[in-house]
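With mmCIF, C-alpha atoms (C1' of nucleotides) inside, this is final09.cif:
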```
data_protein
loop_
_atom_site.label_atom_id
_atom_site.label_comp_id
_atom_site.auth_asym_id
_atom_site.auth_seq_id
_atom_site.Cartn_x
_atom_site.Cartn_y
_atom_site.Cartn_z
CA MET A 1 23.65 -11.94 -6.72
CA LEU A 2 20.19 -10.62 -6.04
CA ALA A 3 19.07 -13.77 -4.26
CA GLU A 4 21.53 -12.93 -1.48
CA ARG A 5 20.01 -9.53 -0.90
CA ILE A 6 18.03 -9.51 2.27
CA GLY A 7 15.63 -6.95 0.86
CA PHE A 8 14.76 -9.10 -2.10
CA LEU A 9 14.26 -12.17 0.06
CA LEU A 10 12.14 -10.29 2.55
CA ALA A 11 9.96 -8.76 -0.13
CA LYS A 12 9.33 -12.07 -1.85
CA LEU A 13 8.65 -13.99 1.32
CA HIS A 14 6.44 -11.32 2.78
CA GLN A 15 4.48 -11.25 -0.43
CA ARG A 16 4.06 -15.01 -0.44
CA TRP A 17 3.00 -14.96 3.18
CA GLY A 18 0.44 -12.28 2.44
CA ALA A 19 -1.18 -14.43 -0.22
CA GLU A 20 -1.17 -17.55 1.95
CA SER A 21 -2.48 -15.88 5.06
CA VAL A 22 -5.25 -14.01 3.29
CA ALA A 23 -6.41 -17.20 1.62
CA VAL A 24 -6.46 -19.10 4.89
CA LEU A 25 -8.24 -16.36 6.81
CA ARG A 26 -10.86 -15.90 4.14
CA GLU A 27 -11.99 -19.44 4.84
CA GLU A 28 -12.59 -18.29 8.40
CA GLY A 29 -15.57 -16.23 7.28
CA VAL A 30 -14.57 -12.88 8.70
CA GLY A 31 -12.71 -10.93 6.01
CA LEU A 32 -9.76 -9.70 8.00
CA THR A 33 -6.03 -9.88 7.47
CA GLY A 34 -3.01 -11.09 9.37
CA MET A 35 -2.54 -7.52 10.50
CA HIS A 36 -5.90 -7.55 12.25
CA PHE A 37 -4.92 -10.82 13.87
CA GLY A 38 -1.68 -9.28 15.08
CA ALA A 39 -3.44 -6.25 16.49
CA LEU A 40 -6.00 -8.36 18.31
CA THR A 41 -3.34 -10.69 19.67
CA LEU A 42 -1.31 -7.77 21.01
CA LEU A 43 -4.39 -6.26 22.56
CA ARG A 44 -5.23 -9.57 24.21
CA ALA A 45 -1.70 -9.94 25.56
CA ALA A 46 -1.04 -6.40 26.75
CA GLY A 47 -4.52 -5.45 27.92
CA PRO A 48 -6.72 -2.46 27.05
CA MET A 49 -4.92 0.43 25.43
CA SER A 50 -5.43 3.39 23.12
CA GLN A 51 -5.57 3.14 19.34
CA GLN A 52 -2.32 5.04 19.15
CA ALA A 53 -0.48 2.71 21.48
CA LEU A 54 -1.70 -0.27 19.50
CA GLY A 55 -0.69 1.45 16.29
CA GLU A 56 2.87 1.88 17.48
CA MET A 57 3.13 -1.84 18.14
CA ILE A 58 1.99 -2.82 14.70
CA GLY A 59 3.73 0.01 12.87
CA LYS A 60 0.85 2.25 11.84
CA ASP A 61 0.12 5.85 12.69
CA ARG A 62 -2.91 6.95 14.67
CA SER A 63 -4.72 8.04 11.51
CA SER A 64 -4.48 4.66 9.86
CA MET A 65 -5.60 2.99 13.07
CA VAL A 66 -9.08 4.42 12.72
CA ALA A 67 -9.88 2.11 9.82
CA VAL A 68 -8.20 -0.87 11.45
CA VAL A 69 -10.24 -0.57 14.63
CA ASP A 70 -13.33 0.19 12.56
CA ASP A 71 -12.87 -3.19 10.89
CA LEU A 72 -12.43 -5.01 14.18
CA GLU A 73 -15.37 -3.24 15.77
CA ALA A 74 -17.63 -3.89 12.76
CA GLU A 75 -17.00 -7.60 13.25
CA GLY A 76 -17.64 -7.28 16.97
CA LEU A 77 -14.15 -8.38 17.91
CA VAL A 78 -13.21 -5.30 19.94
CA GLU A 79 -15.10 -2.63 21.86
CA ARG A 80 -14.21 1.05 21.96
CA ARG A 81 -14.58 1.82 25.63
CA ARG A 82 -13.45 5.12 27.08
CA ASN A 83 -10.41 5.29 29.29
CA PRO A 84 -11.77 6.90 32.49
CA ASP A 85 -8.33 8.34 33.29
CA ASP A 86 -8.02 10.05 29.90
CA ARG A 87 -11.28 10.66 28.13
CA ARG A 88 -9.57 11.59 24.87
CA ALA A 89 -8.32 8.04 24.45
CA TYR A 90 -10.13 4.75 24.07
CA ALA A 91 -9.51 1.68 26.14
CA LEU A 92 -9.83 -0.94 23.43
CA GLU A 93 -11.05 -4.28 24.69
CA VAL A 94 -11.17 -7.68 23.08
CA THR A 95 -14.71 -9.06 23.17
CA ARG A 96 -15.85 -12.62 23.63
CA ARG A 97 -16.30 -12.84 19.88
CA GLY A 98 -12.77 -11.52 19.49
CA ASP A 99 -11.47 -14.38 21.60
CA ASP A 100 -13.50 -16.85 19.58
CA TRP A 101 -12.13 -15.52 16.33
CA LEU A 102 -8.58 -15.64 17.67
CA ALA A 103 -9.14 -19.25 18.66
CA ARG A 104 -10.23 -20.09 15.12
CA ALA A 105 -7.67 -17.94 13.30
CA ARG A 106 -4.68 -19.14 15.30
CA PRO A 107 -4.61 -22.74 14.05
CA ALA A 108 -5.50 -21.61 10.54
CA LEU A 109 -2.50 -19.31 10.45
CA GLN A 110 -0.34 -21.99 12.00
CA HIS A 111 -1.31 -24.22 9.14
CA ALA A 112 -0.39 -21.56 6.60
CA GLU A 113 2.91 -21.09 8.38
CA ASP A 114 3.63 -24.81 8.22
CA ARG A 115 3.01 -24.76 4.51
CA LEU A 116 5.18 -21.71 3.98
CA LEU A 117 8.09 -23.20 5.90
CA ALA A 118 7.60 -26.75 4.67
CA THR A 119 11.20 -27.02 3.50
CA LEU A 120 12.57 -26.35 6.97
CA ASP A 121 12.62 -28.78 9.87
CA ALA A 122 11.72 -27.76 13.42
CA ASP A 123 15.22 -26.69 14.40
CA GLU A 124 15.65 -24.60 11.30
CA ARG A 125 12.33 -22.85 11.86
CA LYS A 126 13.40 -22.02 15.35
CA ALA A 127 16.70 -20.70 14.05
CA LEU A 128 14.93 -18.55 11.49
CA THR A 129 12.50 -16.98 13.94
CA GLY A 130 15.31 -16.52 16.43
CA LEU A 131 17.44 -14.63 13.94
CA LEU A 132 14.53 -12.46 12.87
CA GLN A 133 13.74 -11.67 16.49
CA ARG A 134 17.34 -10.71 17.16
CA VAL A 135 17.38 -8.34 14.20
CA LEU A 136 14.12 -6.75 15.25
CA PHE A 137 14.29 -6.56 19.00
CA ASP A 138 17.89 -6.83 20.15
CA PRO A 139 18.79 -3.51 21.75
CA ALA A 140 22.48 -4.05 20.98
CA MET B 1 3.33 -15.37 21.48
CA LEU B 2 3.03 -13.04 18.52
CA ALA B 3 6.76 -12.41 18.32
CA GLU B 4 7.20 -16.04 17.27
CA ARG B 5 4.83 -15.68 14.35
CA ILE B 6 6.75 -15.63 11.13
CA GLY B 7 4.17 -13.36 9.54
CA PHE B 8 4.55 -10.73 12.22
CA LEU B 9 8.32 -10.84 12.04
CA LEU B 10 8.34 -10.66 8.26
CA ALA B 11 5.94 -7.75 8.18
CA LYS B 12 7.91 -5.73 10.70
CA LEU B 13 11.27 -6.41 9.15
CA HIS B 14 10.07 -5.78 5.64
CA GLN B 15 8.59 -2.51 6.79
CA ARG B 16 11.80 -1.48 8.47
CA TRP B 17 13.80 -2.43 5.41
CA GLY B 18 11.50 -0.39 3.22
CA ALA B 19 12.14 2.72 5.29
CA GLU B 20 15.89 2.18 5.38
CA SER B 21 16.28 1.39 1.71
CA VAL B 22 14.14 4.26 0.52
CA ALA B 23 16.11 6.68 2.67
CA VAL B 24 19.43 5.40 1.35
CA LEU B 25 18.36 5.41 -2.29
CA ARG B 26 16.91 8.89 -2.06
CA GLU B 27 20.41 10.14 -1.34
CA GLU B 28 21.39 8.63 -4.67
CA GLY B 29 19.47 11.31 -6.53
CA VAL B 30 17.26 9.13 -8.70
CA GLY B 31 13.97 8.61 -6.87
CA LEU B 32 13.59 4.87 -7.29
CA THR B 33 12.96 2.05 -4.85
CA GLY B 34 14.55 -1.24 -3.94
CA MET B 35 12.07 -2.86 -6.29
CA HIS B 36 13.46 -0.94 -9.23
CA PHE B 37 16.93 -1.99 -8.16
CA GLY B 38 15.85 -5.61 -8.06
CA ALA B 39 14.27 -5.43 -11.47
CA LEU B 40 17.32 -3.82 -13.00
CA THR B 41 19.63 -6.32 -11.35
CA LEU B 42 17.61 -9.25 -12.66
CA LEU B 43 17.57 -7.74 -16.12
CA ARG B 44 21.32 -7.27 -16.01
CA ALA B 45 21.86 -10.86 -14.88
CA ALA B 46 19.40 -12.67 -17.12
CA GLY B 47 19.68 -10.53 -20.22
CA PRO B 48 17.03 -8.80 -22.32
CA MET B 49 13.50 -10.03 -21.74
CA SER B 50 9.87 -8.96 -21.94
CA GLN B 51 8.13 -6.86 -19.32
CA GLN B 52 5.98 -9.82 -18.42
CA ALA B 53 8.93 -12.13 -17.85
CA LEU B 54 10.56 -9.54 -15.66
CA GLY B 55 7.31 -9.05 -13.79
CA GLU B 56 7.08 -12.73 -12.93
CA MET B 57 10.52 -12.62 -11.36
CA ILE B 58 9.70 -9.69 -9.12
CA GLY B 59 6.13 -10.74 -8.39
CA LYS B 60 4.09 -8.20 -10.35
CA ASP B 61 1.59 -8.70 -13.13
CA ARG B 62 2.15 -7.39 -16.63
CA SER B 63 -0.17 -4.45 -16.05
CA SER B 64 1.78 -3.15 -13.08
CA MET B 65 5.01 -3.56 -14.98
CA VAL B 66 4.10 -0.74 -17.34
CA ALA B 67 4.61 1.85 -14.62
CA VAL B 68 7.75 0.17 -13.31
CA VAL B 69 9.43 0.19 -16.70
CA ASP B 70 8.13 3.71 -17.31
CA ASP B 71 10.03 4.79 -14.21
CA LEU B 72 13.23 3.08 -15.28
CA GLU B 73 12.95 4.39 -18.83
CA ALA B 74 12.25 7.94 -17.65
CA GLU B 75 15.54 7.86 -15.77
CA GLY B 76 17.29 6.43 -18.81
CA LEU B 77 18.22 3.21 -17.04
CA VAL B 78 16.58 0.81 -19.48
CA GLU B 79 15.58 0.91 -23.13
CA ARG B 80 12.43 -0.57 -24.60
CA ARG B 81 13.74 -2.30 -27.70
CA ARG B 82 11.58 -4.60 -29.73
CA ASN B 83 12.20 -8.30 -29.70
CA PRO B 84 12.72 -9.14 -33.40
CA ASP B 85 11.50 -12.69 -32.84
CA ASP B 86 8.22 -11.54 -31.26
CA ARG B 87 7.26 -8.00 -32.10
CA ARG B 88 4.50 -7.92 -29.49
CA ALA B 89 7.08 -8.08 -26.73
CA TYR B 90 9.88 -5.76 -25.75
CA ALA B 91 13.46 -6.77 -25.28
CA LEU B 92 14.27 -4.62 -22.26
CA GLU B 93 17.91 -3.64 -22.09
CA VAL B 94 19.95 -2.06 -19.33
CA THR B 95 21.64 1.11 -20.57
CA ARG B 96 25.02 2.49 -19.67
CA ARG B 97 23.29 4.83 -17.25
CA GLY B 98 21.52 1.83 -15.79
CA ASP B 99 24.85 0.19 -15.09
CA ASP B 100 26.14 3.39 -13.53
CA TRP B 101 23.15 3.66 -11.26
CA LEU B 102 23.46 0.01 -10.24
CA ALA B 103 27.09 0.64 -9.37
CA ARG B 104 26.10 3.52 -7.11
CA ALA B 105 23.00 1.91 -5.61
CA ARG B 106 24.66 -1.40 -4.80
CA PRO B 107 27.03 -0.15 -2.08
CA ALA B 108 24.36 2.18 -0.74
CA LEU B 109 21.99 -0.73 -0.25
CA GLN B 110 24.78 -2.82 1.18
CA HIS B 111 25.28 -0.14 3.77
CA ALA B 112 21.58 -0.11 4.62
CA GLU B 113 21.69 -3.87 4.90
CA ASP B 114 24.64 -3.72 7.26
CA ARG B 115 22.75 -1.32 9.46
CA LEU B 116 19.61 -3.43 9.42
CA LEU B 117 21.49 -6.59 10.39
CA ALA B 118 23.90 -4.89 12.76
CA THR B 119 23.05 -7.28 15.59
CA LEU B 120 24.12 -10.33 13.58
CA ASP B 121 27.67 -11.40 12.84
CA ALA B 122 28.78 -12.63 9.43
CA ASP B 123 27.93 -16.28 10.06
CA GLU B 124 24.50 -15.42 11.34
CA ARG B 125 23.75 -13.25 8.35
CA LYS B 126 24.74 -16.06 6.08
CA ALA B 127 22.52 -18.44 8.03
CA LEU B 128 19.59 -16.04 7.77
CA THR B 129 19.87 -15.52 4.03
CA GLY B 130 20.43 -19.24 3.56
CA LEU B 131 17.25 -20.11 5.42
CA LEU B 132 15.25 -17.52 3.53
CA GLN B 133 16.57 -18.83 0.23
CA ARG B 134 15.65 -22.39 1.17
CA VAL B 135 12.11 -21.34 2.03
CA LEU B 136 11.73 -19.42 -1.19
CA PHE B 137 13.52 -21.50 -3.76
CA ASP B 138 13.87 -25.07 -2.55
CA PRO B 139 11.72 -27.23 -4.80
CA ALA B 140 11.37 -29.87 -2.10
"C1'" DA C 1 -6.65 -17.01 -44.10
"C1'" DC C 2 -8.93 -17.96 -39.71
"C1'" DT C 3 -8.95 -18.84 -34.71
"C1'" DG C 4 -7.37 -18.49 -30.21
"C1'" DA C 5 -3.76 -17.06 -27.39
"C1'" DT C 6 -0.23 -13.65 -25.87
"C1'" DC C 7 2.28 -8.83 -25.08
"C1'" DA C 8 1.90 -4.20 -23.77
"C1'" DT C 9 -1.21 -0.57 -22.71
"C1'" DC C 10 -4.92 2.06 -20.74
"C1'" DA C 11 -9.10 3.32 -18.02
"C1'" DG C 12 -11.30 2.57 -14.05
"C1'" DT C 13 -11.24 0.89 -9.42
"C1'" DA C 14 -9.88 -0.29 -4.81
"C1'" DA C 15 -6.93 -0.53 -0.82
"C1'" DA C 16 -3.35 1.45 2.14
"C1'" DG C 17 -1.05 4.96 4.25
"C1'" DC C 18 0.29 9.59 4.76
"C1'" DT C 19 -0.39 14.86 5.96
"C1'" DG C 20 -2.71 18.55 7.92
"C1'" DA C 21 -6.68 20.19 10.05
"C1'" DC C 22 -10.24 19.88 13.65
"C1'" DG C 23 -12.80 19.35 18.32
"C1'" DA C 24 -12.32 17.39 22.74
"C1'" DT C 25 -9.48 16.66 26.47
"C1'" DC C 26 -5.40 16.78 29.49
"C1'" DA C 27 -1.34 18.76 32.17
"C1'" DG C 28 1.27 22.52 33.86
"C1'" DG C 29 2.13 27.38 35.01
"C1'" DC C 30 0.37 31.39 36.80
"C1'" DG D 1 -9.71 29.32 38.14
"C1'" DC D 2 -7.79 30.29 33.59
"C1'" DC D 3 -4.23 30.00 29.58
"C1'" DT D 4 -1.23 27.66 26.82
"C1'" DG D 5 0.66 23.86 24.58
"C1'" DA D 6 0.34 19.10 23.81
"C1'" DT D 7 -2.23 14.73 22.88
"C1'" DC D 8 -6.19 11.35 21.16
"C1'" DG D 9 -9.29 10.19 17.70
"C1'" DT D 10 -11.39 11.63 13.42
"C1'" DC D 11 -11.82 13.28 8.85
"C1'" DA D 12 -10.81 15.19 4.15
"C1'" DG D 13 -7.62 15.10 0.62
"C1'" DC D 14 -3.76 13.22 -1.60
"C1'" DT D 15 -0.41 9.78 -3.26
"C1'" DT D 16 1.10 5.25 -4.10
"C1'" DT D 17 0.39 0.62 -5.52
"C1'" DA D 18 -1.71 -2.93 -7.68
"C1'" DC D 19 -5.60 -5.05 -9.54
"C1'" DT D 20 -9.43 -6.09 -13.39
"C1'" DG D 21 -11.12 -5.92 -17.87
"C1'" DA D 22 -10.87 -4.03 -22.32
"C1'" DT D 23 -8.17 -3.01 -26.64
"C1'" DG D 24 -4.87 -3.26 -30.67
"C1'" DA D 25 -1.01 -5.60 -32.41
"C1'" DT D 26 1.14 -9.77 -33.10
"C1'" DC D 27 2.02 -14.74 -32.98
"C1'" DA D 28 1.29 -19.94 -33.60
"C1'" DG D 29 -1.35 -23.61 -35.40
"C1'" DT D 30 -4.64 -25.31 -38.46
#
```
Turn this file's structure into structure tokens for me.
Amino acid sequence: MLAERIGFLLAKLHQRWGAESVAVLREEGVGLTGMHFGALTLLRAAGPMSQQALGEMIGKDRSSMVAVVDDLEAEGLVERRRNPDDRRAYALEVTRRGDDWLARARPALQHAEDRLLATLDADERKALTGLLQRVLFDPA
Amino acid sequence: MLAERIGFLLAKLHQRWGAESVAVLREEGVGLTGMHFGALTLLRAAGPMSQQALGEMIGKDRSSMVAVVDDLEAEGLVERRRNPDDRRAYALEVTRRGDDWLARARPALQHAEDRLLATLDADERKALTGLLQRVLFDPA
DNA sequence: ACTGATCATCAGTAAAGCTGACGATCAGGC
DNA sequence: GCCTGATCGTCAGCTTTACTGATGATCAGT
């Protein structure tokens, strides 16, 4: 049965999430995606880093990162500072406006997430994210 | 924490699955994707139907379906017969070759799935697919 | 027979991501 | 100090994917 295939389920759910998240973020004025939110969140959490390092975390190559950071910079959410220890690389920094946008986008995305997972109770949501994390990050 | 965001987890896992499944299917000769496999499986299970009906099940509009069915037809996996009750629409049918390819692709994808979910035991895999199914298909 | 809707198709467009090249820079060996 | 090879960001070009809007053929209802 196809509905037991993890690939099918992932594709469908990811697609549905894409539609929901884009719709919610569009109401936030700035026309960015969940991917931009992820990048900015990682940058905020891990501190200034190069485009390439950020790209590895979100699964994009250095070439694709140019456009992503262009988007963020055009909205004033990050700054492309130079890394004084390696002047080839940037030291991307989240701006004040970036923090503000994160503060607005976070609850909006949380709301979209609640809607997406409406059929699950709190324990089940925790179980789902826990299983996904294990698959993704468990070294075993 | 970003790693608790369902959107982030879905995006990463879907991306990883895409790489795995494409690699596995490429070894099967025919250069099709997991999406083609899903379409063919649905067609096999639900019987002959129009391109549009099939597109709704896999989340693509009728326009995009042209290329998808072109791919399948070019490999001889489906036939575009006419629906005698509605001559605007096709009655897509899985061919013998389509069945053969499904028989080869199924275990290959199962293997990729086993690798992807290697960190989970059988019960956990069942729990994961069950939760995903609930999110996707539960009317509540 | 006429009207409005539907199915498949196509042309044109847009977004996303890749490869391969480039200049600028770094690190290591000599 | 100077070469060599590697790395960072950028760009041009390409491919893939999916969308919109238009069209011809067909259907259903009046």
Discussion item. At a cut-off of 7 Å, using all atoms listed in the file, what residues contact Ser21 in chain A? Leave out same-chain residues fewer than 6 positions from it and give the result as a ChimeraX atom specification.
Written reply: /A:34,109,112
| message | Residues of chain A within 12 Å of chain D, counting all atoms listed in the file, what are they? List them as a ChimeraX atom specification. | response | /A:49-53,61-67,69-70,80,82-83,86-91
Inset, instruction - Work out how far CA of Asp123 in chain B is from CA of Val135 in chain A, in Å to one decimal. - result: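 Interatomic distance here is 13.8 Å.
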- [ ] Find the spatial neighbours of Gly47 in chain A, counting all atoms listed in the file, within a cut-off of 10 Å - ignore same-chain residues fewer than 5 positions away - and output them as a list in words.
- [x]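 Answer for this query is Thr41, Leu42, Ala91, Leu92, Glu93 and Val94 of chain A.
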Picked residues, the PyMOL selection byres ((chain C) within 9 of (chain B)), as a PDB file with C-alpha atoms (C1' of nucleotides), in the coordinates of the input:
```pdb
ATOM      1  C1'  DT C   6      -0.230 -13.650 -25.870  1.00  0.00           C
ATOM      2  C1'  DC C   7       2.280  -8.830 -25.080  1.00  0.00           C
ATOM      3  C1'  DA C   8       1.900  -4.200 -23.770  1.00  0.00           C
ATOM      4  C1'  DT C   9      -1.210  -0.570 -22.710  1.00  0.00           C
TER       5       DT C   9
END
```
**Asked** Taking only C-alpha atoms into account, which residues of chain B are within 9 Å of chain A, as an MDAnalysis selection string?
**Response** chainID B and resid 1:18 21 34:35 38 41:42 45 58:59 109:110 113 116:120 124:136 138:140
Size and centre in Å, one decimal, axis-aligned box, all listed range 8-22 of chain A atoms plus 3 Å per side, as lines of an AutoDock Vina configuration file:
```
center_x = 4.8
center_y = -13.2
center_z = 1.5
size_x = 26.0
size_y = 14.8
size_z = 13.2
```
Please complete range 114-134 of chain A with N, CA and C atoms and give it back as a JSON list (two decimals), in the coordinates of the input.
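Output file result.json follows:
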```
[["chain", "number", "residue", "atom", "x", "y", "z"],
["A", 114, "ASP", "N", 3.02, -23.50, 8.47],
["A", 114, "ASP", "CA", 3.63, -24.81, 8.22],
["A", 114, "ASP", "C", 3.85, -25.02, 6.73],
["A", 115, "ARG", "N", 2.88, -24.59, 5.95],
["A", 115, "ARG", "CA", 3.01, -24.76, 4.51],
["A", 115, "ARG", "C", 4.12, -23.88, 3.96],
["A", 116, "LEU", "N", 4.16, -22.64, 4.47],
["A", 116, "LEU", "CA", 5.18, -21.71, 3.98],
["A", 116, "LEU", "C", 6.59, -22.22, 4.27],
["A", 117, "LEU", "N", 6.76, -22.78, 5.46],
["A", 117, "LEU", "CA", 8.09, -23.20, 5.90],
["A", 117, "LEU", "C", 8.30, -24.70, 5.72],
["A", 118, "ALA", "N", 7.58, -25.29, 4.80],
["A", 118, "ALA", "CA", 7.60, -26.75, 4.67],
["A", 118, "ALA", "C", 9.00, -27.30, 4.43],
["A", 119, "THR", "N", 9.87, -26.50, 3.82],
["A", 119, "THR", "CA", 11.20, -27.02, 3.50],
["A", 119, "THR", "C", 12.15, -26.99, 4.68],
["A", 120, "LEU", "N", 11.71, -26.41, 5.79],
["A", 120, "LEU", "CA", 12.57, -26.35, 6.97],
["A", 120, "LEU", "C", 12.09, -27.32, 8.04],
["A", 121, "ASP", "N", 13.03, -27.94, 8.75],
["A", 121, "ASP", "CA", 12.62, -28.78, 9.87],
["A", 121, "ASP", "C", 12.45, -27.90, 11.12],
["A", 122, "ALA", "N", 12.08, -28.52, 12.22],
["A", 122, "ALA", "CA", 11.72, -27.76, 13.42],
["A", 122, "ALA", "C", 12.87, -26.89, 13.92],
["A", 123, "ASP", "N", 14.07, -27.45, 13.92],
["A", 123, "ASP", "CA", 15.22, -26.69, 14.40],
["A", 123, "ASP", "C", 15.49, -25.48, 13.51],
["A", 124, "GLU", "N", 15.37, -25.69, 12.23],
["A", 124, "GLU", "CA", 15.65, -24.60, 11.30],
["A", 124, "GLU", "C", 14.61, -23.49, 11.43],
["A", 125, "ARG", "N", 13.36, -23.88, 11.66],
["A", 125, "ARG", "CA", 12.33, -22.85, 11.86],
["A", 125, "ARG", "C", 12.63, -22.02, 13.10],
["A", 126, "LYS", "N", 13.06, -22.72, 14.11],
["A", 126, "LYS", "CA", 13.40, -22.02, 15.35],
["A", 126, "LYS", "C", 14.57, -21.07, 15.11],
["A", 127, "ALA", "N", 15.55, -21.55, 14.36],
["A", 127, "ALA", "CA", 16.70, -20.70, 14.05],
["A", 127, "ALA", "C", 16.27, -19.46, 13.27],
["A", 128, "LEU", "N", 15.39, -19.67, 12.30],
["A", 128, "LEU", "CA", 14.93, -18.55, 11.49],
["A", 128, "LEU", "C", 14.19, -17.51, 12.34],
["A", 129, "THR", "N", 13.23, -17.95, 13.12],
["A", 129, "THR", "CA", 12.50, -16.98, 13.94],
["A", 129, "THR", "C", 13.43, -16.33, 14.96],
["A", 130, "GLY", "N", 14.37, -17.10, 15.47],
["A", 130, "GLY", "CA", 15.31, -16.52, 16.43],
["A", 130, "GLY", "C", 16.14, -15.42, 15.81],
["A", 131, "LEU", "N", 16.63, -15.65, 14.61],
["A", 131, "LEU", "CA", 17.44, -14.63, 13.94],
["A", 131, "LEU", "C", 16.60, -13.39, 13.64],
["A", 132, "LEU", "N", 15.38, -13.61, 13.17],
["A", 132, "LEU", "CA", 14.53, -12.46, 12.87],
["A", 132, "LEU", "C", 14.23, -11.66, 14.14],
["A", 133, "GLN", "N", 13.99, -12.36, 15.23],
["A", 133, "GLN", "CA", 13.74, -11.67, 16.49],
["A", 133, "GLN", "C", 14.95, -10.85, 16.92],
["A", 134, "ARG", "N", 16.12, -11.43, 16.77],
["A", 134, "ARG", "CA", 17.34, -10.71, 17.16],
["A", 134, "ARG", "C", 17.47, -9.42, 16.36]]
```
